[in-house]
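Enquirer: Got a structure for you, protein04.txt, holding compact mmCIF, C-alpha atoms and all ligand atoms.
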```txt
# COMPACT_ATOMS: atom_id res chain seq x y z
CA MET A 1 56.69 -10.44 24.52
CA SER A 2 54.35 -8.65 26.96
CA VAL A 3 50.65 -9.47 27.24
CA THR A 4 49.76 -6.04 25.85
CA GLN A 5 51.94 -6.70 22.81
CA ILE A 6 50.33 -10.09 22.24
CA GLU A 7 46.85 -8.56 22.55
CA SER A 8 47.63 -5.77 20.14
CA ASN A 9 49.21 -8.22 17.66
CA THR A 10 46.09 -10.37 17.85
CA ARG A 11 43.91 -7.34 17.22
CA GLN A 12 45.94 -6.39 14.17
CA ALA A 13 45.64 -9.88 12.75
CA GLU A 14 41.83 -9.77 12.85
CA PRO A 15 40.25 -8.98 9.50
CA SER A 16 38.73 -5.49 9.36
CA SER A 17 34.98 -5.33 9.75
CA ARG A 18 32.89 -4.30 6.76
CA LEU A 19 32.23 -0.90 8.36
CA GLN A 20 35.96 -0.33 8.99
CA ARG A 21 36.82 -1.15 5.39
CA PHE A 22 34.25 1.40 4.18
CA LEU A 23 35.46 3.96 6.75
CA ASN A 24 39.04 3.47 5.58
CA CYS A 25 38.03 4.63 2.09
CA TYR A 26 35.38 7.24 3.00
CA TRP A 27 36.54 8.41 6.47
CA LEU A 28 35.89 12.14 5.85
CA ARG A 29 32.25 11.30 4.99
CA PRO A 30 31.54 8.75 7.75
CA GLU A 31 27.79 8.99 7.10
CA ASN A 32 28.37 7.80 3.51
CA ALA A 33 30.66 4.99 4.66
CA PHE A 34 27.96 3.93 7.10
CA TRP A 35 25.20 3.96 4.46
CA MET A 36 27.37 2.04 1.96
CA SER A 37 28.31 -0.53 4.56
CA LEU A 38 24.61 -1.15 5.36
CA ARG A 39 23.95 -1.44 1.62
CA SER A 40 26.75 -3.96 1.27
CA GLN A 41 25.40 -5.93 4.25
CA ALA A 42 21.95 -6.10 2.59
CA LEU A 43 23.55 -7.45 -0.59
CA GLU A 44 25.50 -10.12 1.28
CA SER A 45 23.10 -13.00 0.74
CA HIS A 46 22.80 -12.28 -3.01
CA PRO A 47 25.47 -13.95 -5.14
CA MET A 48 26.58 -12.02 -8.24
CA THR A 49 26.79 -14.94 -10.64
CA GLY A 50 28.33 -14.15 -14.05
CA PRO A 51 27.97 -12.86 -16.63
CA SER A 52 27.50 -9.81 -14.41
CA ILE A 53 27.24 -6.06 -14.88
CA ASP A 54 27.56 -3.15 -12.44
CA LEU A 55 25.54 -0.23 -13.84
CA SER A 56 26.74 3.28 -12.83
CA CYS A 57 29.69 1.65 -11.08
CA GLY A 58 31.44 5.00 -10.44
CA ASP A 59 35.03 4.46 -9.33
CA GLY A 60 34.16 0.83 -8.50
CA VAL A 61 35.23 1.19 -4.86
CA PHE A 62 31.82 0.27 -3.41
CA SER A 63 31.51 -2.98 -5.39
CA PHE A 64 35.20 -3.81 -4.87
CA LEU A 65 34.84 -3.50 -1.07
CA HIS A 66 31.52 -5.33 -1.13
CA ALA A 67 33.13 -8.25 -2.94
CA GLY A 68 35.71 -8.51 -0.13
CA GLY A 69 38.47 -6.33 -1.57
CA ASP A 70 40.55 -4.10 0.67
CA PHE A 71 43.09 -1.28 0.42
CA SER A 72 46.07 -0.33 2.55
CA CYS A 73 45.26 2.07 5.39
CA GLU A 74 47.16 4.77 3.46
CA TYR A 75 44.53 4.75 0.68
CA ASP A 76 41.27 6.69 0.63
CA VAL A 77 39.06 8.26 -2.03
CA PHE A 78 39.83 11.82 -0.84
CA GLN A 79 43.41 11.71 -2.08
CA GLU A 80 42.32 12.04 -5.70
CA VAL A 81 39.84 14.92 -5.86
CA GLY A 82 39.38 18.16 -7.79
CA HIS A 83 37.13 21.25 -8.07
CA LEU A 84 37.20 21.67 -4.26
CA ASP A 85 36.48 25.41 -4.52
CA ASP A 86 33.33 24.75 -6.56
CA VAL A 87 31.89 21.96 -4.42
CA ARG A 88 29.98 24.18 -2.00
CA ASP A 89 28.33 26.77 -4.21
CA ALA A 90 28.44 25.25 -7.72
CA PHE A 91 27.68 21.69 -6.43
CA ALA A 92 30.71 20.32 -8.32
CA ASP A 93 31.55 16.62 -7.84
CA MET A 94 34.98 16.52 -6.20
CA PHE A 95 35.45 12.88 -7.22
CA ASP A 96 35.04 13.61 -10.95
CA HIS A 97 38.81 13.97 -11.25
CA ALA A 98 41.63 11.53 -11.99
CA SER A 99 45.37 12.17 -11.55
CA VAL A 100 47.92 10.50 -13.78
CA GLY A 101 50.00 7.91 -11.91
CA HIS A 102 47.74 7.66 -8.85
CA GLU A 103 47.50 3.94 -8.01
CA PRO A 104 45.54 2.59 -5.03
CA GLU A 105 47.48 0.08 -2.92
CA ILE A 106 45.32 -3.04 -2.89
CA THR A 107 45.92 -5.39 0.05
CA ASN A 108 43.23 -7.93 -0.75
CA ARG A 109 41.71 -8.82 -4.11
CA PRO A 110 38.12 -10.08 -4.23
CA ASP A 111 37.60 -13.69 -5.36
CA SER A 112 35.25 -12.56 -8.12
CA LYS A 113 35.06 -9.75 -10.69
CA PHE A 114 32.29 -8.02 -12.64
CA ASP A 115 32.31 -8.75 -16.36
CA VAL A 116 31.17 -5.20 -17.18
CA GLY A 117 30.95 -1.83 -15.42
CA THR A 118 29.29 1.30 -16.84
CA ASP A 119 29.24 4.98 -15.91
CA LEU A 120 28.51 8.37 -17.38
CA LYS A 121 31.78 9.93 -16.19
CA PRO A 122 35.09 9.00 -17.88
CA ASN A 123 37.13 10.01 -14.81
CA MET A 124 35.20 7.54 -12.66
CA LEU A 125 35.80 4.79 -15.20
CA LEU A 126 39.53 5.61 -15.25
CA LYS A 127 39.64 5.10 -11.49
CA ALA A 128 37.56 1.89 -11.73
CA CYS A 129 39.97 0.55 -14.37
CA ARG A 130 42.89 0.70 -11.91
CA LEU A 131 41.16 -1.77 -9.58
CA ASP A 132 41.38 -4.54 -12.20
CA PHE A 133 37.93 -5.58 -10.94
CA TYR A 134 35.96 -5.13 -14.20
CA GLU A 135 36.76 -7.14 -17.33
CA CYS A 136 35.33 -4.33 -19.42
CA LEU A 137 34.28 -0.72 -18.69
CA VAL A 138 31.80 1.15 -20.86
CA GLU A 139 31.04 4.87 -20.85
CA HIS A 140 27.28 5.15 -21.11
CA ASP A 141 24.39 7.45 -20.19
CA HIS A 142 21.59 5.31 -18.77
CA ASN A 143 18.98 7.71 -20.11
CA LEU A 144 19.70 5.99 -23.44
CA GLU A 145 19.28 2.38 -24.57
CA MET A 146 22.15 0.18 -23.45
CA PRO A 147 24.77 -1.14 -25.88
CA PHE A 148 24.29 -4.77 -24.75
CA GLU A 149 22.60 -7.79 -26.34
CA ASN A 150 19.26 -9.14 -25.15
CA ASP A 151 19.67 -11.69 -22.29
CA ALA A 152 23.37 -10.84 -21.94
CA PHE A 153 23.61 -11.01 -18.13
CA GLN A 154 22.80 -13.38 -15.29
CA THR A 155 23.31 -10.66 -12.63
CA VAL A 156 22.63 -6.94 -13.08
CA HIS A 157 23.56 -4.69 -10.16
CA CYS A 158 22.70 -0.99 -9.81
CA ASN A 159 22.56 1.31 -6.79
CA SER A 160 22.23 4.58 -8.72
CA ALA A 161 18.89 4.34 -10.57
CA TYR A 162 17.72 7.49 -8.76
CA TRP A 163 20.01 9.56 -11.05
CA VAL A 164 18.30 8.33 -14.22
CA GLN A 165 15.65 10.65 -15.67
CA ASN A 166 14.29 8.27 -18.30
CA ILE A 167 13.47 5.73 -15.63
CA ASP A 168 10.76 3.64 -17.36
CA GLN A 169 12.98 3.01 -20.37
CA PHE A 170 15.86 2.18 -17.98
CA MET A 171 13.65 -0.44 -16.28
CA ARG A 172 12.73 -1.99 -19.63
CA GLU A 173 16.42 -2.06 -20.54
CA LEU A 174 17.21 -3.86 -17.26
CA ARG A 175 14.71 -6.52 -18.23
CA ARG A 176 15.97 -6.77 -21.82
CA ILE A 177 19.63 -7.40 -20.86
CA THR A 178 18.78 -9.88 -18.07
CA ARG A 179 18.48 -13.60 -18.87
CA SER A 180 15.40 -15.58 -17.99
CA GLY A 181 16.01 -16.78 -14.41
CA GLY A 182 18.66 -14.06 -13.94
CA ARG A 183 18.67 -11.52 -11.14
CA ILE A 184 18.56 -7.72 -11.01
CA LEU A 185 19.84 -6.34 -7.71
CA LEU A 186 18.52 -2.82 -7.48
CA SER A 187 19.02 -0.61 -4.41
CA VAL A 188 16.41 2.15 -4.62
CA LYS A 189 15.97 5.30 -2.60
CA LEU A 190 12.48 6.41 -1.56
CA ASP A 191 11.12 9.95 -1.56
CA ALA A 192 10.28 9.48 2.15
CA MET A 193 13.88 10.72 2.49
CA ARG A 194 12.58 14.25 1.99
CA ASP A 195 10.85 13.93 5.38
CA TYR A 196 14.03 12.75 7.10
CA THR A 197 15.54 16.24 6.95
CA LEU A 198 14.94 19.47 8.86
CA ASN A 199 13.08 21.02 5.90
CA SER A 200 9.83 21.29 7.87
CA HIS A 201 11.61 23.74 10.23
CA ARG A 202 12.28 26.26 7.44
CA ASP A 203 10.50 29.04 9.41
CA LYS A 204 13.09 28.77 12.21
CA LEU A 205 16.21 27.76 10.23
CA GLY A 206 15.76 29.72 7.02
CA GLN A 207 16.32 28.61 3.42
CA ARG A 208 20.05 29.48 3.40
CA TRP A 209 20.62 27.15 6.38
CA LEU A 210 18.72 24.31 4.68
CA ASP A 211 20.64 24.90 1.42
CA ILE A 212 23.98 24.64 3.24
CA ILE A 213 22.96 21.31 4.77
CA GLY A 214 21.16 19.93 1.72
CA ARG A 215 23.36 21.13 -1.17
CA GLY A 216 20.42 20.43 -3.50
CA ARG A 217 21.17 16.71 -3.50
CA ILE A 218 17.67 15.32 -3.03
CA GLU A 219 16.23 17.77 -5.60
CA SER A 220 18.78 16.58 -8.21
CA TRP A 221 17.62 12.94 -8.05
CA PRO A 222 14.88 12.76 -10.71
CA SER A 223 13.62 9.22 -10.05
CA LEU A 224 13.06 9.34 -6.31
CA CYS A 225 9.53 8.06 -5.60
CA SER A 226 7.44 6.04 -3.16
CA ASP A 227 7.81 2.30 -2.68
CA GLU A 228 4.44 1.83 -4.43
CA THR A 229 5.67 3.72 -7.50
CA TRP A 230 8.88 1.63 -7.63
CA LYS A 231 6.72 -1.51 -7.54
CA GLN A 232 4.56 -0.12 -10.38
CA ARG A 233 7.71 0.61 -12.39
CA PHE A 234 8.92 -2.97 -11.94
CA LYS A 235 5.52 -4.36 -12.94
CA SER A 236 5.24 -2.17 -16.05
CA ALA A 237 8.71 -3.28 -17.15
CA GLY A 238 7.83 -7.00 -16.78
CA LEU A 239 9.90 -7.59 -13.65
CA ASP A 240 8.82 -9.80 -10.73
CA ILE A 241 9.96 -9.14 -7.16
CA VAL A 242 11.92 -12.07 -5.71
CA SER A 243 12.84 -10.36 -2.44
CA ARG A 244 12.62 -6.96 -0.76
CA THR A 245 15.16 -5.88 1.89
CA PRO A 246 14.73 -2.46 3.54
CA PHE A 247 18.07 -1.49 5.07
CA ILE A 248 18.15 2.28 5.73
CA THR A 249 15.67 3.40 8.38
CA ALA A 250 14.33 6.90 9.02
CA THR A 251 16.85 7.21 11.87
CA HIS A 252 19.78 6.27 9.61
CA ALA A 253 18.59 8.82 7.04
CA HIS A 254 18.33 11.57 9.70
CA ILE A 255 21.90 10.85 10.81
CA TRP A 256 23.04 10.99 7.19
CA ASP A 257 21.19 14.28 6.64
CA ILE A 258 23.25 16.10 9.27
CA GLY A 259 26.55 14.47 8.39
CA LEU A 260 29.82 16.14 7.47
CA ARG A 261 28.60 17.03 3.94
CA PRO A 262 28.79 20.87 4.25
CA ILE A 263 32.33 20.86 5.62
CA ALA A 264 33.65 17.96 3.51
CA PRO A 265 35.58 20.15 1.01
CA LEU A 266 37.29 21.94 3.93
CA LEU A 267 38.08 18.67 5.69
CA VAL A 268 39.54 17.24 2.48
CA ARG A 269 41.72 20.31 1.95
CA MET A 270 42.90 20.18 5.55
CA ALA A 271 43.62 16.44 5.48
CA ASN A 272 45.47 16.68 2.17
CA ALA A 273 47.63 19.55 3.46
CA LEU A 274 48.97 17.41 6.32
CA GLU A 275 52.25 15.50 6.28
CA GLU A 276 51.57 11.91 5.32
CA HIS A 277 52.32 10.36 8.72
CA THR A 278 50.23 12.98 10.59
CA ARG A 279 47.31 12.43 8.20
CA GLN A 280 47.65 8.71 8.77
CA GLU A 281 47.74 9.00 12.57
CA ILE A 282 44.65 11.20 12.67
CA LYS A 283 42.85 9.00 10.14
CA SER A 284 43.52 5.90 12.22
CA ASP A 285 42.19 7.47 15.47
CA TRP A 286 39.24 8.92 13.54
CA ILE A 287 38.27 5.51 12.16
CA ASP A 288 38.60 3.84 15.59
CA LEU A 289 36.30 6.45 17.13
CA LEU A 290 33.75 6.42 14.31
CA SER A 291 33.65 2.60 14.26
CA GLU A 292 32.84 2.59 17.96
CA LEU A 293 30.12 5.23 17.56
CA LEU A 294 28.51 3.76 14.44
CA LEU A 295 28.73 0.03 15.10
CA PRO A 296 25.74 -0.13 17.52
CA LEU A 297 23.63 1.62 14.85
CA HIS A 298 24.90 -0.63 12.06
CA ASP A 299 21.74 -2.70 11.90
CA ALA A 300 19.15 -2.59 9.11
CA SER A 301 16.33 -2.36 11.68
CA PHE A 302 17.81 0.35 13.94
CA ASN A 303 15.08 2.97 14.30
CA LEU A 304 14.44 5.39 17.15
CA ALA A 305 11.11 6.67 15.81
CA PRO A 306 8.18 5.46 17.92
CA GLN A 307 5.89 4.98 14.91
CA LYS A 308 6.66 2.91 11.83
CA GLN A 309 8.12 5.03 9.04
CA GLU A 310 8.98 4.22 5.44
CA PRO A 311 12.59 3.14 4.93
CA ALA A 312 14.91 5.45 2.97
CA GLU A 313 16.47 2.72 0.81
CA ILE A 314 15.43 -0.80 -0.16
CA LEU A 315 17.30 -3.57 -1.95
CA TYR A 316 15.03 -5.25 -4.52
CA GLU A 317 15.91 -8.56 -6.10
CA LEU A 318 14.02 -8.73 -9.41
CA THR A 319 13.69 -11.26 -12.20
CA PRO A 320 12.18 -11.03 -15.73
CA ASN A 321 8.66 -12.54 -15.90
C1 LIG A 401 26.55 7.92 -6.01
S1 LIG A 401 27.50 7.38 -7.33
C2 LIG A 401 27.51 5.64 -7.07
C3 LIG A 401 28.65 4.95 -7.74
C4 LIG A 401 28.83 3.48 -7.38
N1 LIG A 401 27.75 2.66 -7.84
C5 LIG A 401 29.01 3.34 -5.88
O1 LIG A 401 28.24 2.66 -5.24
O2 LIG A 401 29.97 3.94 -5.37
C6 LIG A 401 26.42 7.59 -8.70
C7 LIG A 401 27.08 7.26 -10.03
O3 LIG A 401 26.07 7.33 -11.06
C8 LIG A 401 26.68 7.87 -12.21
N2 LIG A 401 25.60 8.41 -13.07
C9 LIG A 401 24.81 9.47 -12.81
N3 LIG A 401 23.94 9.66 -13.82
C10 LIG A 401 24.18 8.66 -14.72
C11 LIG A 401 23.62 8.33 -15.99
N4 LIG A 401 22.64 9.04 -16.52
N5 LIG A 401 24.13 7.27 -16.66
C12 LIG A 401 25.15 6.53 -16.14
N6 LIG A 401 25.72 6.80 -14.92
C13 LIG A 401 25.24 7.87 -14.24
C14 LIG A 401 27.63 8.94 -11.67
O4 LIG A 401 28.62 9.28 -12.61
C15 LIG A 401 28.17 8.25 -10.42
O5 LIG A 401 29.36 7.55 -10.69
```
Please express what this file holds, its structure, as structure tokens.
Ligand SMILES: C[S@@+](CC[C@H](N)C(=O)[O-])C[C@H]1O[C@@H](n2cnc3c(N)ncnc32)[C@H](O)[C@@H]1O
Expert:
Amino acid sequence: MSVTQIESNTRQAEPSSRLQRFLNCYWLRPENAFWMSLRSQALESHPMTGPSIDLSCGDGVFSFLHAGGDFSCEYDVFQEVGHLDDVRDAFADMFDHASVGHEPEITNRPDSKFDVGTDLKPNMLLKACRLDFYECLVEHDHNLEMPFENDAFQTVHCNSAYWVQNIDQFMRELRRITRSGGRILLSVKLDAMRDYTLNSHRDKLGQRWLDIIGRGRIESWPSLCSDETWKQRFKSAGLDIVSRTPFITATHAHIWDIGLRPIAPLLVRMANALEEHTRQEIKSDWIDLLSELLLPLHDASFNLAPQKQEPAEILYELTPN
């Protein structure tokens, strides 16, 4: 065996980095993979002791990867999408679609599972069900009271509170379902994100340009607010802060703002029209390149701005008082 062969065999035997595992699933939206990987890194030192619940779990892929799960390199979330023609102008969610018989190839199962996962969208829950990572999945709108007993959970995880309109009730519900001494792991976005866009250059770029880049996403998140307001919300709901971990800086948020979002539906159509082995070859080179470009920035404190700016997302560890 040549030295090159030995080296390449050794490389293949190394476990994939967290960022690579996220890129494998979300390669056509590298900026999302990057953000999720930083979110997962922030969660690392927080055990998810059972009974545990993942609120707004979506297709479960984030929590599955975070827990150490992995998929074959042939799998990614863009294989099972719909409404591609409506994504750009009607803001349709391409992932709100499930195909009968589509099974992800799992190469590594996490050591632990969530007891419960919830989401508003049945298609997302169907996908989550295939991972065999949730003991029970419940369709639920978090603007309403939750169908769980008081003190039911030791760990409550949620990274999607910014979608919930009825946010103060949601916070009280988090407290109600969490045991005394239990933990709520809440990743919250801040409205400082609005400043980490090119919106202040509207006079030069025009509204149409900003709409193409933004796709109305920040405007459709009803609970985005300042860090101070999040803290007030926790206090009013009877929740104490155990720890606070900012992990997305202004620079990360700027990179995310000008990501591949506007062309994602076209990229997905193009990738899915390729022969399987060609798609796989391109995907593999794509991930290698993106890993190399993003890894030096994959640090919760990476910020190019000279002055201190608010983070864009913070992980709060909360407990009922
Ligand atoms: C950005 S995704 C995140 C999913 C998952 N937690 C993850 O990290 O990949 C937001 C999720 O929130 C869900 N969602 C939005 N509004 C909701 C609501 N009112 N009640 C429950 N789930 C909701 C969506 O269906 C979607 O799956």
Enquirer: Taking all atoms listed in the file into account, which residues have an atom no farther than 9 Å from ligand LIG 401 (chain A)? I'd like them as an NGL selection string.
Expert: :A and (36 or 54-63 or 95-96 or 118-125 or 139-144 or 157-166)
Enquirer: Please work out which residues fall within 9 Å of (6.8, -10.2, -13.2), coordinates as given in the file, with all atoms listed in the file counting, and return them as a list in words.
Expert: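 Checking each residue against the 9 Å limit leaves Phe234, Lys235, Ser236, Ala237, Gly238, Leu239, Asp240, Ile241, Leu318, Thr319, Pro320 and Asn321 of chain A.
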Enquirer: Select, counting all atoms listed in the file, all protein, DNA and RNA residues no farther than 6 Å from (19.3, -10.0, -22.3) in file coordinates, and express the selection as number ranges by chain.
Expert: A: 149-152, 176-179
Enquirer: Using only C-alpha atoms, determine which residues lie at most 12 Å from Glu80 (chain A), disregarding the query and same-chain residues fewer than 3 positions distant; provide the list as JSON, numbers by chain.
Expert: {"A": [25, 59, 75, 76, 77, 83, 84, 93, 94, 95, 96, 97, 98, 99, 100, 101, 102, 103, 104, 123, 124, 126, 127, 268, 269, 272]}
Enquirer: Give the answer as one residue: which of A:Ala305, A:Val188, A:Glu317, A:Ile212 has the shortest atom-to-atom distance to Ala264 (chain A), using only C-alpha atoms?
Expert: A:Ile212
Enquirer: Which is closer to Arg29 (chain A) than all the others in A:Val116, A:Leu290, A:Met270, A:Ile167, using all atoms listed in the file?
Expert: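 So, comparing all the options, the nearest one is A:Leu290.
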Enquirer: What does the distance between CA of Glu105 (chain A) and CA of Ser72 (chain A) come to in Å, to one decimal place?
Expert: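 CA of Ser72 (chain A) lies at a distance of 5.7 Å from CA of Glu105 (chain A).
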Enquirer: Which residues are near Gln307 (chain A)? Cut-off 12 Å, all atoms listed in the file, ignore same chain within fewer than 4 positions. Put them as a ChimeraX atom specification.
Expert: /A:249-251,303
Enquirer: Can you measure CA of Leu274 (chain A) to CA of Phe71 (chain A) for me? One decimal in Å is fine.
Expert: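 Separating CA of Leu274 (chain A) from CA of Phe71 (chain A) is a distance of 20.5 Å.
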Enquirer: Quick one: residues within 10 Å of region 227-230 of chain A, only C-alpha atoms counted, chain neighbours fewer than 4 positions away excluded, as a ChimeraX atom specification?
Expert: /A:188-192,223,234-236,310-314,316
Enquirer: Record the distance separating CA of Leu38 (chain A) and CA of His298 (chain A), expressed in Å with one decimal.
Expert: 6.7 Å
